[in-house]
Amino acid sequence: MKQAAQAALGGSNPVLYHQSVPSFSMPEWAAAAGYDGVVLDLQHGELGLEAACGILRSIPRDNAYSYARVGSLDPAPILRLLDSGARGIVAPTVESRSQTEALVAAAKYPPVGNRSLGPSRPALYPGDSYTEAGNRAVSAIVQIETKAGVDRAEEIVSTPGLDSVYIGPADLAVTYGLPGRGDWEDGPVREAIAHLREVTTAHGVTLGIYSGRPDYAAGLFADGLVDYVGLGIDLVLLNRAFGDTIAGLDSARSTGNNS
């Protein structure tokens with residue numbers, strides 16, 4: 001594995017969740033429940049740059065799984081997220097080597113990339129060389145979620161400085177003309193996962209995927225197809241909890257209305 005990817009995963013199978021609302025307490029509750037980290041989602045939902053930077057500062061500096069998914073490859077917000085403590089930047093819908101190179105340039109210090117040196121949190125990257133430690137600590141992660149991205153996997157994954165690939169299975173399914181769901185056991189999406197596993201393994205790059213189902217994610221781990229998962233989205237998890245909770249009163253409310 002490449003050094004940053006190896007440092008970020010630590011030989012385990014990390015489980016993260018997607019956060020789309022500006023909550024400081026949600027990462028604490030998730031960590032208490034057993035999650036390893038978070039993907040702060042600036043691409044969808046209500047979470048803006050200011051809130052995301054604040055949340056990152058509230059997470060312990062040594063949490064290797066404090067990731068942020070950006071809406072574009074604009075280096076300015078990426079720089080602020082990294083200076084606030086993001087340990088991984090996820091770039092969505094990557095379909096080319098040039099996009100991957102732009103991500104690496106924004107996420108890595110020279111000589112690997114072009115990230116500006118602006119240490120704004122104390123002891124963020126401990127080590128003899130701050131820039132070398134920072135490059136090891138921060139993962140540049142491309143999200144492959146289209147057929148075009150899968151078809152160009154070799155040129156994407158072989159980009160110097162790339163640490164990881166993150167699969168968006170529902171969007172990927174749509175580009176194959178399938179329903180936008182993520183729990184594919186066979187067909188082109190499953191074949192794409194297996195292909196990306198082969199390519200990432202060949203280039204020492206880790207592979208992750210989003211999943212809404214623990215059993216499906218467990219199967220992917222058991223089959224050795226992925227190294228980590230994003231398991232659930234905050235609003236979806238809350239919606240499920242709301243639904244299950246109120247459903248527990250349905251029969252009593254129905255009985256009460258009929259009496």
# chains A, B, ... in the order shown; residues from 1 in each chain; ligands from 1

$ residues_around --residues "A:Ser211" --least-positions-apart "3" --cutoff "7 Å" --atoms "only C-alpha atoms" --output "ChimeraX atom specification"
/A:182,217,229-232

$ write_last_selection --atoms "all heavy atoms" --output "PDB file, in the first residue's frame"
ATOM      1  N   GLY A 182     -27.754   0.436  -4.097  1.00  0.00           N
ATOM      2  CA  GLY A 182     -26.342   0.146  -3.934  1.00  0.00           C
ATOM      3  C   GLY A 182     -25.976  -1.268  -3.567  1.00  0.00           C
ATOM      4  O   GLY A 182     -24.793  -1.598  -3.505  1.00  0.00           O
ATOM      5  N   ALA A 217     -22.439  -4.799   3.539  1.00  0.00           N
ATOM      6  CA  ALA A 217     -21.068  -4.365   3.791  1.00  0.00           C
ATOM      7  C   ALA A 217     -20.241  -5.501   4.386  1.00  0.00           C
ATOM      8  O   ALA A 217     -19.072  -5.697   4.027  1.00  0.00           O
ATOM      9  CB  ALA A 217     -21.069  -3.159   4.723  1.00  0.00           C
ATOM     10  N   VAL A 229     -15.814   0.997   4.561  1.00  0.00           N
ATOM     11  CA  VAL A 229     -17.138   1.343   4.055  1.00  0.00           C
ATOM     12  C   VAL A 229     -17.630   2.643   4.693  1.00  0.00           C
ATOM     13  O   VAL A 229     -17.270   2.974   5.826  1.00  0.00           O
ATOM     14  CB  VAL A 229     -18.184   0.242   4.323  1.00  0.00           C
ATOM     15  CG1 VAL A 229     -17.815  -1.048   3.619  1.00  0.00           C
ATOM     16  CG2 VAL A 229     -18.388   0.004   5.822  1.00  0.00           C
ATOM     17  N   GLY A 230     -18.461   3.344   3.935  1.00  0.00           N
ATOM     18  CA  GLY A 230     -19.288   4.393   4.498  1.00  0.00           C
ATOM     19  C   GLY A 230     -20.656   3.779   4.714  1.00  0.00           C
ATOM     20  O   GLY A 230     -21.321   3.386   3.751  1.00  0.00           O
ATOM     21  N   LEU A 231     -21.057   3.634   5.971  1.00  0.00           N
ATOM     22  CA  LEU A 231     -22.269   2.890   6.304  1.00  0.00           C
ATOM     23  C   LEU A 231     -23.340   3.841   6.832  1.00  0.00           C
ATOM     24  O   LEU A 231     -23.358   4.202   7.995  1.00  0.00           O
ATOM     25  CB  LEU A 231     -21.962   1.815   7.347  1.00  0.00           C
ATOM     26  CG  LEU A 231     -23.117   0.896   7.736  1.00  0.00           C
ATOM     27  CD1 LEU A 231     -23.591   0.076   6.532  1.00  0.00           C
ATOM     28  CD2 LEU A 231     -22.680  -0.031   8.875  1.00  0.00           C
ATOM     29  N   GLY A 232     -24.243   4.249   5.927  1.00  0.00           N
ATOM     30  CA  GLY A 232     -25.370   5.077   6.332  1.00  0.00           C
ATOM     31  C   GLY A 232     -25.118   6.569   6.216  1.00  0.00           C
ATOM     32  O   GLY A 232     -23.984   7.038   6.255  1.00  0.00           O
TER      33      GLY A 232
END

$ residues_around --residues "A:Val236" --least-positions-apart "6" --cutoff "10 Å" --atoms "only C-alpha atoms" --output "PyMOL selection string"
chain A and resi 18+212+242

$ closest_residue --among "A:Gly224, A:Pro14, A:Gly48, A:Gly204" --to "A:Gly71" --atoms "only C-alpha atoms"
A:Gly48

$ closest_residue --among "A:Gly113, A:Pro169, A:Gly45, A:Pro119" --to "A:Leu81" --atoms "only C-alpha atoms"
A:Pro119

$ select_by_dssp --residues "stretch 20-184 of chain A" --states "strand (DSSP E or B)" --output "ChimeraX atom specification"
/A:37-41,66-69,88-91,139-144,164-167

$ atom_distance --atom1 "atom CA of A:Asp215" --atom2 "atom CA of A:Ala148"
28.4 Å

$ atom_distance --atom1 "atom CA of A:Ser58" --atom2 "atom CA of A:Val90"
19.8 Å

$ atom_distance --atom1 "atom CA of A:Ser66" --atom2 "atom CA of A:Val226"
18.7 Å

$ select_by_dssp --residues "stretch 168-246 of chain A" --states "alpha helix (DSSP H)" --output "PyMOL selection string"
chain A and resi 169-175+187-202+214-222+234-246

$ closest_residue --among "A:Val165, A:Ile246, A:Leu207, A:Leu225" --to "A:Ala140" --atoms "only C-alpha atoms"
A:Val165

$ residues_around --residues "A:Asn13" --least-positions-apart "3" --cutoff "8 Å" --atoms "only C-alpha atoms" --output "list of chain:residue names"
A:Leu9, A:Phe221, A:Asp227, A:Tyr228, A:Val229

$ write_last_selection --atoms "N, CA and C atoms" --output "PDB file, in the first residue's frame"
ATOM      1  N   LEU A   9      -5.649   3.530   7.104  1.00  0.00           N
ATOM      2  CA  LEU A   9      -6.473   2.363   7.399  1.00  0.00           C
ATOM      3  C   LEU A   9      -5.956   1.544   8.573  1.00  0.00           C
ATOM      4  N   PHE A 221     -16.680  -7.165   2.982  1.00  0.00           N
ATOM      5  CA  PHE A 221     -15.481  -7.381   3.785  1.00  0.00           C
ATOM      6  C   PHE A 221     -15.060  -8.845   3.742  1.00  0.00           C
ATOM      7  N   ASP A 227     -11.785  -2.310   1.509  1.00  0.00           N
ATOM      8  CA  ASP A 227     -11.005  -2.101   2.729  1.00  0.00           C
ATOM      9  C   ASP A 227     -11.775  -1.346   3.797  1.00  0.00           C
ATOM     10  N   TYR A 228     -12.728  -0.515   3.386  1.00  0.00           N
ATOM     11  CA  TYR A 228     -13.508   0.274   4.338  1.00  0.00           C
ATOM     12  C   TYR A 228     -14.855   0.589   3.714  1.00  0.00           C
ATOM     13  N   VAL A 229     -15.814   0.997   4.561  1.00  0.00           N
ATOM     14  CA  VAL A 229     -17.138   1.343   4.055  1.00  0.00           C
ATOM     15  C   VAL A 229     -17.630   2.643   4.693  1.00  0.00           C
TER      16      VAL A 229
END

$ residues_around --residues "A:Ile233" --least-positions-apart "2" --cutoff "12 Å" --atoms "only C-alpha atoms" --output "ChimeraX atom specification"
/A:16-21,26,30,38-41,44-45,210-213,229-231,235-240

$ decode --residues "stretch 23-60 of chain A" --atoms "N, CA, C and O atoms" --output "compact mmCIF listing (two decimals), in the first residue's frame"
# COMPACT_ATOMS: atom_id res chain seq x y z
N SER A 23 -23.94 19.44 12.49
CA SER A 23 -24.05 19.07 13.90
C SER A 23 -22.68 18.73 14.47
O SER A 23 -21.95 17.91 13.91
N PHE A 24 -22.35 19.34 15.61
CA PHE A 24 -21.10 19.02 16.30
C PHE A 24 -21.23 17.76 17.14
O PHE A 24 -20.24 17.07 17.38
N SER A 25 -22.42 17.45 17.59
CA SER A 25 -22.60 16.31 18.49
C SER A 25 -22.69 14.99 17.75
O SER A 25 -22.38 13.93 18.31
N MET A 26 -23.10 15.01 16.47
CA MET A 26 -23.31 13.76 15.76
C MET A 26 -22.04 12.90 15.66
O MET A 26 -22.11 11.68 15.86
N PRO A 27 -20.86 13.47 15.38
CA PRO A 27 -19.66 12.62 15.36
C PRO A 27 -19.38 11.96 16.71
O PRO A 27 -18.88 10.84 16.76
N GLU A 28 -19.71 12.65 17.80
CA GLU A 28 -19.51 12.07 19.13
C GLU A 28 -20.44 10.87 19.34
O GLU A 28 -20.03 9.83 19.85
N TRP A 29 -21.72 11.04 18.97
CA TRP A 29 -22.68 9.94 19.13
C TRP A 29 -22.28 8.75 18.25
O TRP A 29 -22.39 7.59 18.67
N ALA A 30 -21.84 9.05 17.03
CA ALA A 30 -21.44 7.97 16.12
C ALA A 30 -20.22 7.23 16.68
O ALA A 30 -20.17 5.99 16.63
N ALA A 31 -19.25 7.97 17.19
CA ALA A 31 -18.06 7.35 17.77
C ALA A 31 -18.42 6.50 18.98
O ALA A 31 -17.90 5.39 19.17
N ALA A 32 -19.33 7.00 19.81
CA ALA A 32 -19.76 6.25 20.98
C ALA A 32 -20.46 4.96 20.58
O ALA A 32 -20.40 3.94 21.29
N ALA A 33 -21.13 4.97 19.41
CA ALA A 33 -21.83 3.78 18.93
C ALA A 33 -20.88 2.77 18.30
O ALA A 33 -21.26 1.61 18.10
N GLY A 34 -19.65 3.19 17.98
CA GLY A 34 -18.67 2.28 17.41
C GLY A 34 -18.18 2.62 16.03
O GLY A 34 -17.35 1.89 15.47
N TYR A 35 -18.68 3.71 15.44
CA TYR A 35 -18.16 4.13 14.14
C TYR A 35 -16.71 4.63 14.31
O TYR A 35 -16.34 5.18 15.34
N ASP A 36 -15.93 4.45 13.26
CA ASP A 36 -14.53 4.88 13.28
C ASP A 36 -14.35 6.32 12.84
O ASP A 36 -13.34 6.94 13.18
N GLY A 37 -15.28 6.84 12.05
CA GLY A 37 -15.10 8.20 11.56
C GLY A 37 -16.29 8.66 10.75
O GLY A 37 -17.35 8.05 10.75
N VAL A 38 -16.06 9.74 10.02
CA VAL A 38 -17.14 10.44 9.33
C VAL A 38 -16.68 10.93 7.98
O VAL A 38 -15.50 11.25 7.79
N VAL A 39 -17.61 10.98 7.04
CA VAL A 39 -17.42 11.67 5.77
C VAL A 39 -18.33 12.90 5.81
O VAL A 39 -19.54 12.78 5.65
N LEU A 40 -17.76 14.06 6.07
CA LEU A 40 -18.55 15.28 6.05
C LEU A 40 -18.89 15.61 4.61
O LEU A 40 -17.99 15.76 3.77
N ASP A 41 -20.18 15.70 4.33
CA ASP A 41 -20.62 15.77 2.93
C ASP A 41 -20.98 17.19 2.53
O ASP A 41 -22.07 17.68 2.81
N LEU A 42 -20.05 17.84 1.85
CA LEU A 42 -20.27 19.18 1.34
C LEU A 42 -20.84 19.17 -0.07
O LEU A 42 -21.10 20.22 -0.64
N GLN A 43 -21.04 17.99 -0.62
CA GLN A 43 -21.60 17.88 -1.97
C GLN A 43 -23.12 17.91 -1.93
O GLN A 43 -23.77 18.52 -2.77
N HIS A 44 -23.71 17.23 -0.97
CA HIS A 44 -25.16 17.18 -0.81
C HIS A 44 -25.54 17.69 0.58
O HIS A 44 -24.73 17.67 1.49
N GLY A 45 -26.77 18.11 0.74
CA GLY A 45 -27.25 18.45 2.07
C GLY A 45 -26.96 19.87 2.50
O GLY A 45 -26.65 20.74 1.69
N GLU A 46 -27.04 20.10 3.80
CA GLU A 46 -26.99 21.44 4.37
C GLU A 46 -25.62 21.87 4.84
O GLU A 46 -25.45 23.00 5.29
N LEU A 47 -24.65 20.99 4.80
CA LEU A 47 -23.36 21.26 5.40
C LEU A 47 -22.51 22.17 4.53
O LEU A 47 -22.16 21.82 3.40
N GLY A 48 -22.17 23.35 5.05
CA GLY A 48 -21.34 24.31 4.33
C GLY A 48 -19.91 24.28 4.83
O GLY A 48 -19.57 23.58 5.79
N LEU A 49 -19.06 25.07 4.20
CA LEU A 49 -17.64 25.06 4.51
C LEU A 49 -17.36 25.50 5.94
O LEU A 49 -16.55 24.87 6.64
N GLU A 50 -17.98 26.59 6.39
CA GLU A 50 -17.71 27.09 7.73
C GLU A 50 -18.07 26.05 8.78
O GLU A 50 -17.30 25.78 9.71
N ALA A 51 -19.24 25.46 8.65
CA ALA A 51 -19.67 24.45 9.61
C ALA A 51 -18.76 23.23 9.56
O ALA A 51 -18.38 22.67 10.60
N ALA A 52 -18.39 22.79 8.36
CA ALA A 52 -17.53 21.62 8.23
C ALA A 52 -16.17 21.85 8.89
O ALA A 52 -15.65 20.96 9.57
N CYS A 53 -15.61 23.03 8.69
CA CYS A 53 -14.32 23.34 9.31
C CYS A 53 -14.44 23.33 10.84
O CYS A 53 -13.55 22.86 11.54
N GLY A 54 -15.55 23.85 11.35
CA GLY A 54 -15.76 23.84 12.79
C GLY A 54 -15.89 22.43 13.33
O GLY A 54 -15.33 22.09 14.39
N ILE A 55 -16.63 21.59 12.63
CA ILE A 55 -16.79 20.19 13.06
C ILE A 55 -15.45 19.48 13.06
O ILE A 55 -15.13 18.73 13.99
N LEU A 56 -14.65 19.70 12.03
CA LEU A 56 -13.34 19.06 11.96
C LEU A 56 -12.47 19.46 13.15
O LEU A 56 -11.74 18.62 13.69
N ARG A 57 -12.56 20.70 13.56
CA ARG A 57 -11.77 21.15 14.71
C ARG A 57 -12.26 20.55 16.02
O ARG A 57 -11.51 20.49 17.00
N SER A 58 -13.51 20.11 16.04
CA SER A 58 -14.04 19.50 17.26
C SER A 58 -13.70 18.02 17.37
O SER A 58 -13.87 17.42 18.43
N ILE A 59 -13.23 17.42 16.27
CA ILE A 59 -12.85 16.01 16.26
C ILE A 59 -11.40 15.89 16.69
O ILE A 59 -10.56 16.69 16.26
N PRO A 60 -11.04 14.92 17.53
CA PRO A 60 -9.64 14.78 17.94
C PRO A 60 -8.69 14.73 16.76
O PRO A 60 -8.97 14.12 15.73
